[in-house]
$ cat final-v3.csv   # CSV, C-alpha atoms
chain,number,residue,atom,x,y,z
A,5,MET,CA,50.1,-5.8,33.0
A,6,GLU,CA,47.9,-5.1,30.1
A,7,LYS,CA,49.6,-7.8,28.1
A,8,LEU,CA,49.0,-10.3,30.9
A,9,TRP,CA,45.3,-9.4,31.0
A,10,LEU,CA,45.0,-9.9,27.2
A,11,ASN,CA,46.6,-13.4,27.5
A,12,LEU,CA,44.3,-14.3,30.4
A,13,ARG,CA,41.2,-13.1,28.4
A,14,THR,CA,42.4,-15.2,25.4
A,15,VAL,CA,42.7,-18.3,27.5
A,16,LEU,CA,39.3,-17.8,29.1
A,17,LEU,CA,37.7,-17.3,25.7
A,18,LEU,CA,39.3,-20.4,24.2
A,19,SER,CA,38.3,-22.5,27.3
A,20,LEU,CA,34.7,-21.3,26.9
A,21,LEU,CA,34.7,-22.1,23.2
A,22,PHE,CA,36.0,-25.6,23.7
A,23,SER,CA,33.4,-26.2,26.5
A,24,LEU,CA,30.6,-25.1,24.1
A,25,LEU,CA,31.9,-27.4,21.3
A,26,TYR,CA,32.2,-30.4,23.7
A,27,ALA,CA,28.7,-29.8,25.0
A,28,CYS,CA,27.2,-29.6,21.5
A,29,LYS,CA,29.0,-32.7,20.4
A,30,LYS,CA,27.8,-34.6,23.5
A,31,ASP,CA,24.2,-33.4,23.0
A,32,ASN,CA,24.3,-34.4,19.3
A,33,ASN,CA,25.5,-37.9,20.2
A,34,ASP,CA,22.8,-38.3,22.8
A,35,ASP,CA,20.2,-37.4,20.2
A,36,VAL,CA,21.3,-40.1,17.7
A,37,ILE,CA,18.9,-43.1,17.9
A,38,PRO,CA,20.1,-46.2,16.1
A,39,ALA,CA,17.8,-47.2,13.2
A,40,VAL,CA,16.0,-50.5,13.7
A,41,THR,CA,15.6,-52.6,10.6
A,42,ASN,CA,13.2,-55.5,10.7
A,43,THR,CA,14.2,-58.4,8.5
A,44,LEU,CA,12.1,-61.4,7.4
A,45,ASP,CA,13.8,-64.7,6.5
A,46,ILE,CA,11.7,-66.9,4.2
A,47,LYS,CA,12.8,-70.5,4.1
A,48,LEU,CA,11.5,-73.0,1.5
A,49,ASN,CA,11.2,-76.7,2.2
A,50,TYR,CA,10.0,-79.7,0.3
A,51,GLU,CA,8.2,-83.0,0.9
A,52,VAL,CA,6.2,-85.7,-1.0
A,53,ASP,CA,3.4,-86.5,1.3
A,54,GLY,CA,5.6,-86.5,4.4
A,55,GLN,CA,8.7,-87.9,2.7
A,56,PRO,CA,11.7,-85.5,2.4
A,57,LEU,CA,12.6,-84.6,-1.2
A,58,LEU,CA,15.7,-86.5,-2.4
A,59,SER,CA,17.3,-86.1,-5.8
A,60,ASP,CA,17.0,-88.9,-8.4
A,61,THR,CA,15.5,-91.4,-6.0
A,62,LEU,CA,12.6,-93.5,-7.3
A,63,ILE,CA,10.6,-93.7,-4.1
A,64,TYR,CA,7.6,-91.4,-4.7
A,65,SER,CA,4.1,-92.2,-5.9
A,66,ASN,CA,1.3,-89.9,-6.7
A,67,ASP,CA,-2.5,-90.4,-6.4
A,68,ALA,CA,-2.7,-91.7,-10.0
A,69,GLY,CA,-0.2,-94.5,-9.0
A,70,ASN,CA,2.7,-93.0,-11.0
A,71,ASN,CA,6.0,-94.0,-9.4
A,72,TYR,CA,8.5,-91.2,-9.9
A,73,SER,CA,11.8,-89.6,-8.9
A,74,VAL,CA,12.7,-85.9,-9.1
A,75,SER,CA,15.9,-84.6,-10.8
A,76,ARG,CA,15.0,-81.0,-11.2
A,77,LEU,CA,12.6,-78.5,-9.6
A,78,TRP,CA,13.2,-74.9,-10.8
A,79,TYR,CA,10.6,-72.2,-10.4
A,80,TYR,CA,9.9,-68.5,-9.7
A,81,LEU,CA,8.1,-67.0,-6.7
A,82,SER,CA,7.0,-63.4,-7.5
A,83,ARG,CA,4.9,-60.5,-6.1
A,84,ILE,CA,5.3,-61.8,-2.6
A,85,ALA,CA,3.1,-59.9,-0.2
A,86,LEU,CA,1.9,-60.1,3.4
A,87,VAL,CA,-1.9,-59.7,3.9
A,88,ASN,CA,-2.9,-57.0,6.4
A,89,SER,CA,-5.9,-57.5,8.8
A,90,ASP,CA,-8.1,-55.5,6.4
A,91,SER,CA,-7.1,-57.9,3.5
A,92,SER,CA,-4.9,-55.2,1.8
A,93,LEU,CA,-1.5,-56.3,0.6
A,94,LEU,CA,1.9,-55.3,1.7
A,95,PRO,CA,4.4,-56.1,-1.1
A,96,ILE,CA,7.7,-57.3,0.2
A,97,LYS,CA,9.5,-59.0,-2.7
A,98,ASP,CA,9.4,-58.7,-6.4
A,99,TYR,CA,10.6,-62.1,-7.5
A,100,VAL,CA,13.1,-64.9,-6.7
A,101,PHE,CA,14.4,-67.8,-8.7
A,102,VAL,CA,14.5,-71.1,-6.8
A,103,ASP,CA,16.3,-74.4,-7.4
A,104,ALA,CA,15.0,-76.9,-4.9
A,105,PHE,CA,18.3,-78.7,-4.8
A,106,ARG,CA,20.4,-75.6,-4.4
A,107,SER,CA,20.3,-74.6,-0.8
A,108,THR,CA,21.4,-71.0,-1.4
A,109,THR,CA,18.2,-70.3,-3.3
A,110,ASN,CA,15.9,-71.8,-0.7
A,111,GLU,CA,16.3,-69.1,1.9
A,112,PHE,CA,16.2,-65.3,1.3
A,113,THR,CA,16.1,-62.3,3.5
A,114,ILE,CA,13.8,-59.3,3.1
A,115,SER,CA,14.6,-56.1,5.0
A,116,GLY,CA,12.4,-53.2,6.0
A,117,VAL,CA,9.2,-55.3,6.8
A,118,PRO,CA,7.0,-53.4,9.3
A,119,ALA,CA,6.5,-55.2,12.6
A,120,GLY,CA,2.9,-56.3,13.2
A,121,HIS,CA,0.3,-59.1,12.9
A,122,TYR,CA,-0.7,-60.3,9.4
A,123,ILE,CA,-3.4,-62.7,8.4
A,124,GLY,CA,-1.7,-64.4,5.5
A,125,ILE,CA,0.8,-64.4,2.6
A,126,LYS,CA,0.2,-64.1,-1.1
A,127,PHE,CA,2.5,-64.8,-4.1
A,128,TYR,CA,2.6,-66.2,-7.6
A,129,ILE,CA,4.4,-69.4,-8.7
A,130,GLY,CA,5.7,-67.9,-11.9
A,131,LEU,CA,5.8,-64.3,-13.2
A,132,ASP,CA,3.0,-61.9,-13.9
A,133,SER,CA,2.4,-60.3,-17.3
A,134,VAL,CA,4.6,-57.3,-16.5
A,135,GLN,CA,7.6,-59.6,-15.7
A,136,ASN,CA,6.8,-62.4,-18.2
A,137,LEU,CA,8.3,-60.8,-21.3
A,138,THR,CA,11.3,-62.0,-23.2
A,139,ASN,CA,14.5,-60.4,-21.8
A,140,ALA,CA,12.5,-58.6,-19.1
A,141,LEU,CA,14.7,-60.1,-16.3
A,142,PRO,CA,18.5,-59.8,-16.0
A,143,ALA,CA,20.5,-62.1,-18.2
A,144,THR,CA,21.7,-64.4,-15.4
A,145,SER,CA,22.3,-68.1,-16.2
A,146,ASP,CA,19.2,-69.0,-14.1
A,147,ASN,CA,16.9,-66.6,-16.0
A,148,LEU,CA,18.3,-67.6,-19.4
A,149,ASN,CA,17.7,-71.3,-18.5
A,150,MET,CA,14.1,-70.5,-17.7
A,151,GLU,CA,13.3,-68.7,-21.0
A,152,TRP,CA,10.2,-69.8,-22.8
A,153,PRO,CA,10.6,-70.2,-26.6
A,154,VAL,CA,9.6,-67.0,-28.5
A,155,PRO,CA,7.6,-69.0,-31.1
A,156,MET,CA,5.5,-70.4,-28.2
A,157,GLY,CA,4.8,-67.0,-26.7
A,158,GLY,CA,8.1,-65.9,-25.2
A,159,GLY,CA,8.7,-64.9,-21.6
A,160,TYR,CA,9.9,-67.4,-19.1
A,161,HIS,CA,9.1,-70.8,-17.7
A,162,PHE,CA,7.2,-70.5,-14.4
A,163,MET,CA,8.3,-74.0,-13.4
A,164,LYS,CA,10.5,-76.9,-14.5
A,165,PHE,CA,9.6,-80.0,-12.5
A,166,GLU,CA,11.4,-83.0,-14.0
A,167,GLY,CA,12.4,-86.6,-13.3
A,168,HIS,CA,11.8,-90.2,-14.1
A,169,ALA,CA,8.8,-92.5,-13.7
A,170,SER,CA,8.4,-96.2,-13.8
A,171,ASP,CA,5.5,-98.6,-14.6
A,172,SER,CA,5.1,-102.1,-16.0
A,173,ALA,CA,6.4,-101.0,-19.4
A,174,GLY,CA,9.7,-99.7,-17.9
A,175,ASN,CA,11.2,-96.3,-17.0
A,176,TYR,CA,10.6,-93.0,-18.8
A,177,GLY,CA,11.2,-89.3,-18.3
A,178,PHE,CA,8.7,-86.7,-17.4
A,179,ALA,CA,8.8,-82.9,-17.5
A,180,MET,CA,6.0,-80.8,-15.9
A,181,HIS,CA,6.7,-77.4,-17.4
A,182,LEU,CA,4.5,-74.3,-16.8
A,183,GLY,CA,4.6,-71.0,-18.7
A,184,ARG,CA,2.5,-68.4,-20.5
A,185,ASN,CA,0.4,-65.8,-18.6
A,186,GLU,CA,-2.9,-67.8,-18.6
A,187,TYR,CA,-1.2,-70.6,-16.5
A,188,LEU,CA,0.2,-68.4,-13.8
A,189,VAL,CA,-0.4,-70.0,-10.4
A,190,GLU,CA,-1.8,-67.6,-7.7
A,191,SER,CA,-1.3,-68.8,-4.1
A,192,MET,CA,-3.0,-67.3,-1.1
A,193,ILE,CA,-2.3,-68.8,2.3
A,194,TRP,CA,-4.4,-67.7,5.3
A,195,LYS,CA,-2.2,-68.0,8.3
A,196,HIS,CA,-1.4,-65.7,11.2
A,197,ILE,CA,2.1,-64.3,10.7
A,198,GLN,CA,3.8,-62.1,13.3
A,199,ILE,CA,6.7,-59.9,12.4
A,200,VAL,CA,8.6,-58.7,15.4
A,201,SER,CA,11.2,-56.0,15.8
A,202,GLY,CA,14.5,-57.3,14.7
A,203,ARG,CA,14.4,-60.7,12.9
A,204,SER,CA,11.5,-62.9,12.0
A,205,ASP,CA,11.2,-66.0,9.8
A,206,ILE,CA,8.5,-67.9,7.8
A,207,SER,CA,8.9,-71.5,6.5
A,208,LEU,CA,7.0,-72.5,3.4
A,209,MET,CA,6.6,-76.2,2.6
A,210,MET,CA,5.9,-77.4,-0.9
A,211,ASN,CA,4.3,-80.9,-1.2
A,212,LEU,CA,5.1,-82.0,-4.7
A,213,ASN,CA,2.3,-84.5,-4.8
A,214,GLU,CA,-0.2,-81.6,-4.7
A,215,TRP,CA,0.7,-80.8,-8.3
A,216,PHE,CA,-0.9,-84.1,-9.2
A,217,ARG,CA,-3.8,-84.2,-6.8
A,218,ASP,CA,-6.5,-81.5,-6.3
A,219,PRO,CA,-8.8,-80.5,-7.8
A,220,GLU,CA,-7.9,-82.9,-10.6
A,221,ILE,CA,-5.8,-86.1,-10.6
A,222,TYR,CA,-2.9,-85.7,-13.0
A,223,ASP,CA,-1.8,-89.1,-14.5
A,224,PHE,CA,1.2,-89.4,-16.7
A,225,ASN,CA,-0.5,-92.2,-18.7
A,226,ILE,CA,-3.6,-90.1,-19.4
A,227,ASP,CA,-2.5,-86.4,-19.2
A,228,GLY,CA,1.0,-86.9,-20.6
A,229,ASN,CA,4.4,-87.0,-19.2
A,230,TYR,CA,5.4,-83.8,-20.9
A,231,SER,CA,3.2,-80.7,-20.4
A,232,MET,CA,5.0,-78.0,-22.3
A,233,GLY,CA,2.7,-76.7,-25.1
A,234,VAL,CA,-0.2,-79.0,-24.0
A,235,MET,CA,-2.8,-76.6,-22.9
A,236,ALA,CA,-5.0,-79.1,-21.0
A,237,ALA,CA,-2.1,-80.4,-19.1
A,238,MET,CA,-0.8,-77.0,-18.1
A,239,MET,CA,-4.3,-75.9,-17.0
A,240,LYS,CA,-4.5,-79.0,-14.8
A,241,LEU,CA,-1.1,-78.2,-13.2
A,242,ARG,CA,-2.0,-74.6,-12.7
A,243,ASN,CA,-5.3,-75.4,-10.9
A,244,ASN,CA,-3.6,-78.0,-8.8
A,245,GLY,CA,-0.7,-75.7,-7.9
A,246,VAL,CA,-2.8,-73.2,-5.9
A,247,ASP,CA,-2.3,-75.1,-2.7
A,248,VAL,CA,1.1,-76.9,-3.1
A,249,PHE,CA,2.6,-74.6,-0.5
A,250,SER,CA,1.7,-74.3,3.2
A,251,VAL,CA,3.1,-72.2,6.0
A,252,GLN,CA,4.9,-74.2,8.7

$ encode --input "final-v3.csv" --output "structure tokens"
Amino acid sequence: MEKLWLNLRTVLLLSLLFSLLYACKKDNNDDVIPAVTNTLDIKLNYEVDGQPLLSDTLIYSNDAGNNYSVSRLWYYLSRIALVNSDSSLLPIKDYVFVDAFRSTTNEFTISGVPAGHYIGIKFYIGLDSVQNLTNALPATSDNLNMEWPVPMGGGYHFMKFEGHASDSAGNYGFAMHLGRNEYLVESMIWKHIQIVSGRSDISLMMNLNEWFRDPEIYDFNIDGNYSMGVMAAMMKLRNNGVDVFSVQ
């Protein structure tokens, strides 16, 4: 009889133990709240005064009357930040390399962006003085192809905008290259941007003719069809580049 009582007591204790373990496990599961990660997709698009950007197609004309095509458009966007309502900045991306004719580089996703209302977006076309140092970026083929010659100051190209132009004398090449810290392009776009819980997106449109337009007309025949190392030409491109992008 005593042995039977011991067995019954053991069974009851084990049952109680399993019940407690199950209850604890259930409570713990109920307390787990899935993490919500807000993501922002930034998409880059291109036009030339309303015409879509096509590769190696001599159909464009700038305000100086230069007829041109585009074979390459490589550039960096860096220090991307959203502008809070009090004009403070929320940094969201360090830098990206972009090839306008490579679709995989024209869309990128940023995670962990706080939901809310923002009054604009700020970024550089190029790299700031901290990043713009020889070998400062990983040695990828894209970064190596953007290196600025050490004898000319080192660091990286901010942009390589190249193609061909045509006038009464015939066809010729052009290369609008930007580099060096003093020619960094700062872009600030005042536009209401709402980041929602989950997934949001922003589309940025670059109008290539804005590089040649405002505040100064850039003319291949006057300012030169190659800008690298030409301080006046690069300064004109830098000043014109402030508003080449708009938020769509």

$ residues_around --input "final-v3.csv" --residues "Met235 (chain A)" --least-positions-apart "6" --cutoff "10 Å" --atoms "only C-alpha atoms" --output "PyMOL selection string"
chain A and resi 182+186-187+241

$ closest_residue --input "final-v3.csv" --among "A:Val117, A:Val251, A:Ala143, A:Leu81" --to "Asn211 (chain A)" --atoms "all atoms listed in the file"
A:Val251

$ residues_around --input "final-v3.csv" --residues "Gly54 (chain A)" --least-positions-apart "3" --cutoff "12 Å" --atoms "all atoms listed in the file" --output "PDB file with C-alpha atoms, keeping the file's coordinate frame"
ATOM      1  CA  ASN A  49      11.200 -76.700   2.200  1.00  0.00           C
ATOM      2  CA  TYR A  50      10.000 -79.700   0.300  1.00  0.00           C
ATOM      3  CA  GLU A  51       8.200 -83.000   0.900  1.00  0.00           C
ATOM      4  CA  LEU A  57      12.600 -84.600  -1.200  1.00  0.00           C
ATOM      5  CA  TYR A  64       7.600 -91.400  -4.700  1.00  0.00           C
ATOM      6  CA  SER A  65       4.100 -92.200  -5.900  1.00  0.00           C
ATOM      7  CA  MET A 209       6.600 -76.200   2.600  1.00  0.00           C
ATOM      8  CA  MET A 210       5.900 -77.400  -0.900  1.00  0.00           C
ATOM      9  CA  ASN A 211       4.300 -80.900  -1.200  1.00  0.00           C
ATOM     10  CA  LEU A 212       5.100 -82.000  -4.700  1.00  0.00           C
ATOM     11  CA  ASN A 213       2.300 -84.500  -4.800  1.00  0.00           C
ATOM     12  CA  GLU A 214      -0.200 -81.600  -4.700  1.00  0.00           C
TER      13      GLU A 214
END

$ closest_residue --input "final-v3.csv" --among "A:Ala119, A:Met192, A:Met180, A:Ala140" --to "Ala237 (chain A)" --atoms "all atoms listed in the file"
A:Met180

$ closest_atom_pairs --input "final-v3.csv" --of "region 141-207 of chain A" --to "region 90-109 of chain A" --cutoff "10 Å" --atoms "all atoms listed in the file" --output "Markdown table"
| residue | atom | partner | partner_atom | distance |
| --- | --- | --- | --- | --- |
| A:Leu141 | CA | A:Tyr99 | CA | 9.9 |
| A:Asp146 | CA | A:Phe101 | CA | 7.3 |
| A:Asn147 | CA | A:Phe101 | CA | 7.8 |
| A:Met150 | CA | A:Phe101 | CA | 9.4 |
| A:Phe162 | CA | A:Phe101 | CA | 9.6 |
| A:Met163 | CA | A:Val102 | CA | 9.5 |
| A:Lys164 | CA | A:Asp103 | CA | 9.5 |
| A:Phe165 | CA | A:Ala104 | CA | 9.8 |

$ write_last_selection --input "final-v3.csv" --atoms "C-alpha atoms" --output "PDB file, in the coordinates of the input"
ATOM      1  CA  LEU A 141      14.700 -60.100 -16.300  1.00  0.00           C
ATOM      2  CA  ASP A 146      19.200 -69.000 -14.100  1.00  0.00           C
ATOM      3  CA  ASN A 147      16.900 -66.600 -16.000  1.00  0.00           C
ATOM      4  CA  MET A 150      14.100 -70.500 -17.700  1.00  0.00           C
ATOM      5  CA  PHE A 162       7.200 -70.500 -14.400  1.00  0.00           C
ATOM      6  CA  MET A 163       8.300 -74.000 -13.400  1.00  0.00           C
ATOM      7  CA  LYS A 164      10.500 -76.900 -14.500  1.00  0.00           C
ATOM      8  CA  PHE A 165       9.600 -80.000 -12.500  1.00  0.00           C
TER       9      PHE A 165
END

$ atom_distance --input "final-v3.csv" --atom1 "CA of Arg184 (chain A)" --atom2 "CA of Ser250 (chain A)"
24.4 Å

$ atom_distance --input "final-v3.csv" --atom1 "CA of Leu208 (chain A)" --atom2 "CA of Trp152 (chain A)"
26.5 Å

$ closest_residue --input "final-v3.csv" --among "A:Arg217, A:Gly183, A:Gln252, A:Leu58" --to "Val234 (chain A)" --atoms "all atoms listed in the file"
A:Gly183

$ closest_residue --input "final-v3.csv" --among "A:Ile226, A:Ile129, A:Ile114, A:Ile63" --to "Val189 (chain A)" --atoms "all atoms listed in the file"
A:Ile129

$ closest_residue --input "final-v3.csv" --among "A:Asn244, A:Asn110, A:Gln198, A:Ser145" --to "Ile46 (chain A)" --atoms "all atoms listed in the file"
A:Asn110

$ residues_around --input "final-v3.csv" --residues "Pro118 (chain A)" --least-positions-apart "2" --cutoff "8 Å" --atoms "only C-alpha atoms" --output "JSON, numbers by chain"
{"A": [42, 116, 120, 199]}

$ decode --input "final-v3.csv" --residues "region 101-168 of chain A" --atoms "C-alpha atoms" --output "mmCIF file, in the first residue's frame"
data_model
loop_
_atom_site.group_PDB
_atom_site.id
_atom_site.type_symbol
_atom_site.label_atom_id
_atom_site.label_comp_id
_atom_site.auth_asym_id
_atom_site.auth_seq_id
_atom_site.Cartn_x
_atom_site.Cartn_y
_atom_site.Cartn_z
ATOM 1 C CA PHE A 101 27.914 53.723 -56.553
ATOM 2 C CA VAL A 102 25.516 54.143 -59.464
ATOM 3 C CA ASP A 103 25.758 53.179 -63.128
ATOM 4 C CA ALA A 104 22.765 54.694 -64.904
ATOM 5 C CA PHE A 105 22.741 51.886 -67.477
ATOM 6 C CA ARG A 106 23.016 49.065 -64.923
ATOM 7 C CA SER A 107 19.582 48.478 -63.433
ATOM 8 C CA THR A 108 20.859 46.697 -60.320
ATOM 9 C CA THR A 109 22.572 49.899 -59.129
ATOM 10 C CA ASN A 110 19.549 52.134 -59.697
ATOM 11 C CA GLU A 111 17.491 50.764 -56.837
ATOM 12 C CA PHE A 112 18.622 50.111 -53.297
ATOM 13 C CA THR A 113 16.881 49.303 -50.028
ATOM 14 C CA ILE A 114 17.578 50.893 -46.650
ATOM 15 C CA SER A 115 16.286 49.164 -43.517
ATOM 16 C CA GLY A 116 15.536 50.538 -40.072
ATOM 17 C CA VAL A 117 14.137 53.910 -41.224
ATOM 18 C CA PRO A 118 11.788 55.351 -38.573
ATOM 19 C CA ALA A 119 8.206 55.840 -39.721
ATOM 20 C CA GLY A 120 7.078 59.440 -39.847
ATOM 21 C CA HIS A 121 6.763 62.598 -41.913
ATOM 22 C CA TYR A 122 9.877 64.262 -43.303
ATOM 23 C CA ILE A 123 10.237 67.562 -45.136
ATOM 24 C CA GLY A 124 13.011 66.653 -47.542
ATOM 25 C CA ILE A 125 16.030 64.605 -48.493
ATOM 26 C CA LYS A 126 19.698 65.619 -48.610
ATOM 27 C CA PHE A 127 22.695 63.949 -50.233
ATOM 28 C CA TYR A 128 25.948 64.585 -52.054
ATOM 29 C CA ILE A 129 26.705 63.718 -55.653
ATOM 30 C CA GLY A 130 30.229 62.560 -54.966
ATOM 31 C CA LEU A 131 32.090 61.783 -51.741
ATOM 32 C CA ASP A 132 32.890 64.081 -48.846
ATOM 33 C CA SER A 133 36.435 64.731 -47.633
ATOM 34 C CA VAL A 134 36.331 61.786 -45.183
ATOM 35 C CA GLN A 135 35.485 59.303 -47.944
ATOM 36 C CA ASN A 136 37.349 61.012 -50.794
ATOM 37 C CA LEU A 137 40.772 59.615 -50.026
ATOM 38 C CA THR A 138 42.784 57.221 -52.161
ATOM 39 C CA ASN A 139 41.981 53.612 -51.164
ATOM 40 C CA ALA A 140 39.366 54.756 -48.612
ATOM 41 C CA LEU A 141 36.654 52.635 -50.264
ATOM 42 C CA PRO A 142 36.677 48.849 -50.744
ATOM 43 C CA ALA A 143 38.713 47.751 -53.769
ATOM 44 C CA THR A 144 35.738 46.739 -55.926
ATOM 45 C CA SER A 145 35.965 47.101 -59.701
ATOM 46 C CA ASP A 146 33.477 49.996 -59.570
ATOM 47 C CA ASN A 147 35.476 51.921 -56.980
ATOM 48 C CA LEU A 148 38.775 51.213 -58.734
ATOM 49 C CA ASN A 149 37.324 52.500 -62.008
ATOM 50 C CA MET A 150 36.336 55.721 -60.231
ATOM 51 C CA GLU A 151 39.760 56.508 -58.788
ATOM 52 C CA TRP A 152 41.032 60.053 -59.341
ATOM 53 C CA PRO A 153 44.752 60.160 -60.262
ATOM 54 C CA VAL A 154 47.007 60.679 -57.248
ATOM 55 C CA PRO A 155 49.092 63.369 -59.021
ATOM 56 C CA MET A 156 45.843 65.335 -59.464
ATOM 57 C CA GLY A 157 44.826 65.078 -55.812
ATOM 58 C CA GLY A 158 43.799 61.443 -55.376
ATOM 59 C CA GLY A 159 40.506 60.155 -54.067
ATOM 60 C CA TYR A 160 37.718 59.304 -56.470
ATOM 61 C CA HIS A 161 35.739 60.661 -59.376
ATOM 62 C CA PHE A 162 32.406 61.989 -58.206
ATOM 63 C CA MET A 163 30.924 61.536 -61.677
ATOM 64 C CA LYS A 164 31.813 60.287 -65.141
ATOM 65 C CA PHE A 165 29.248 61.603 -67.655
ATOM 66 C CA GLU A 166 30.465 60.708 -71.153
ATOM 67 C CA GLY A 167 29.223 60.422 -74.700
ATOM 68 C CA HIS A 168 29.463 61.911 -78.166
#
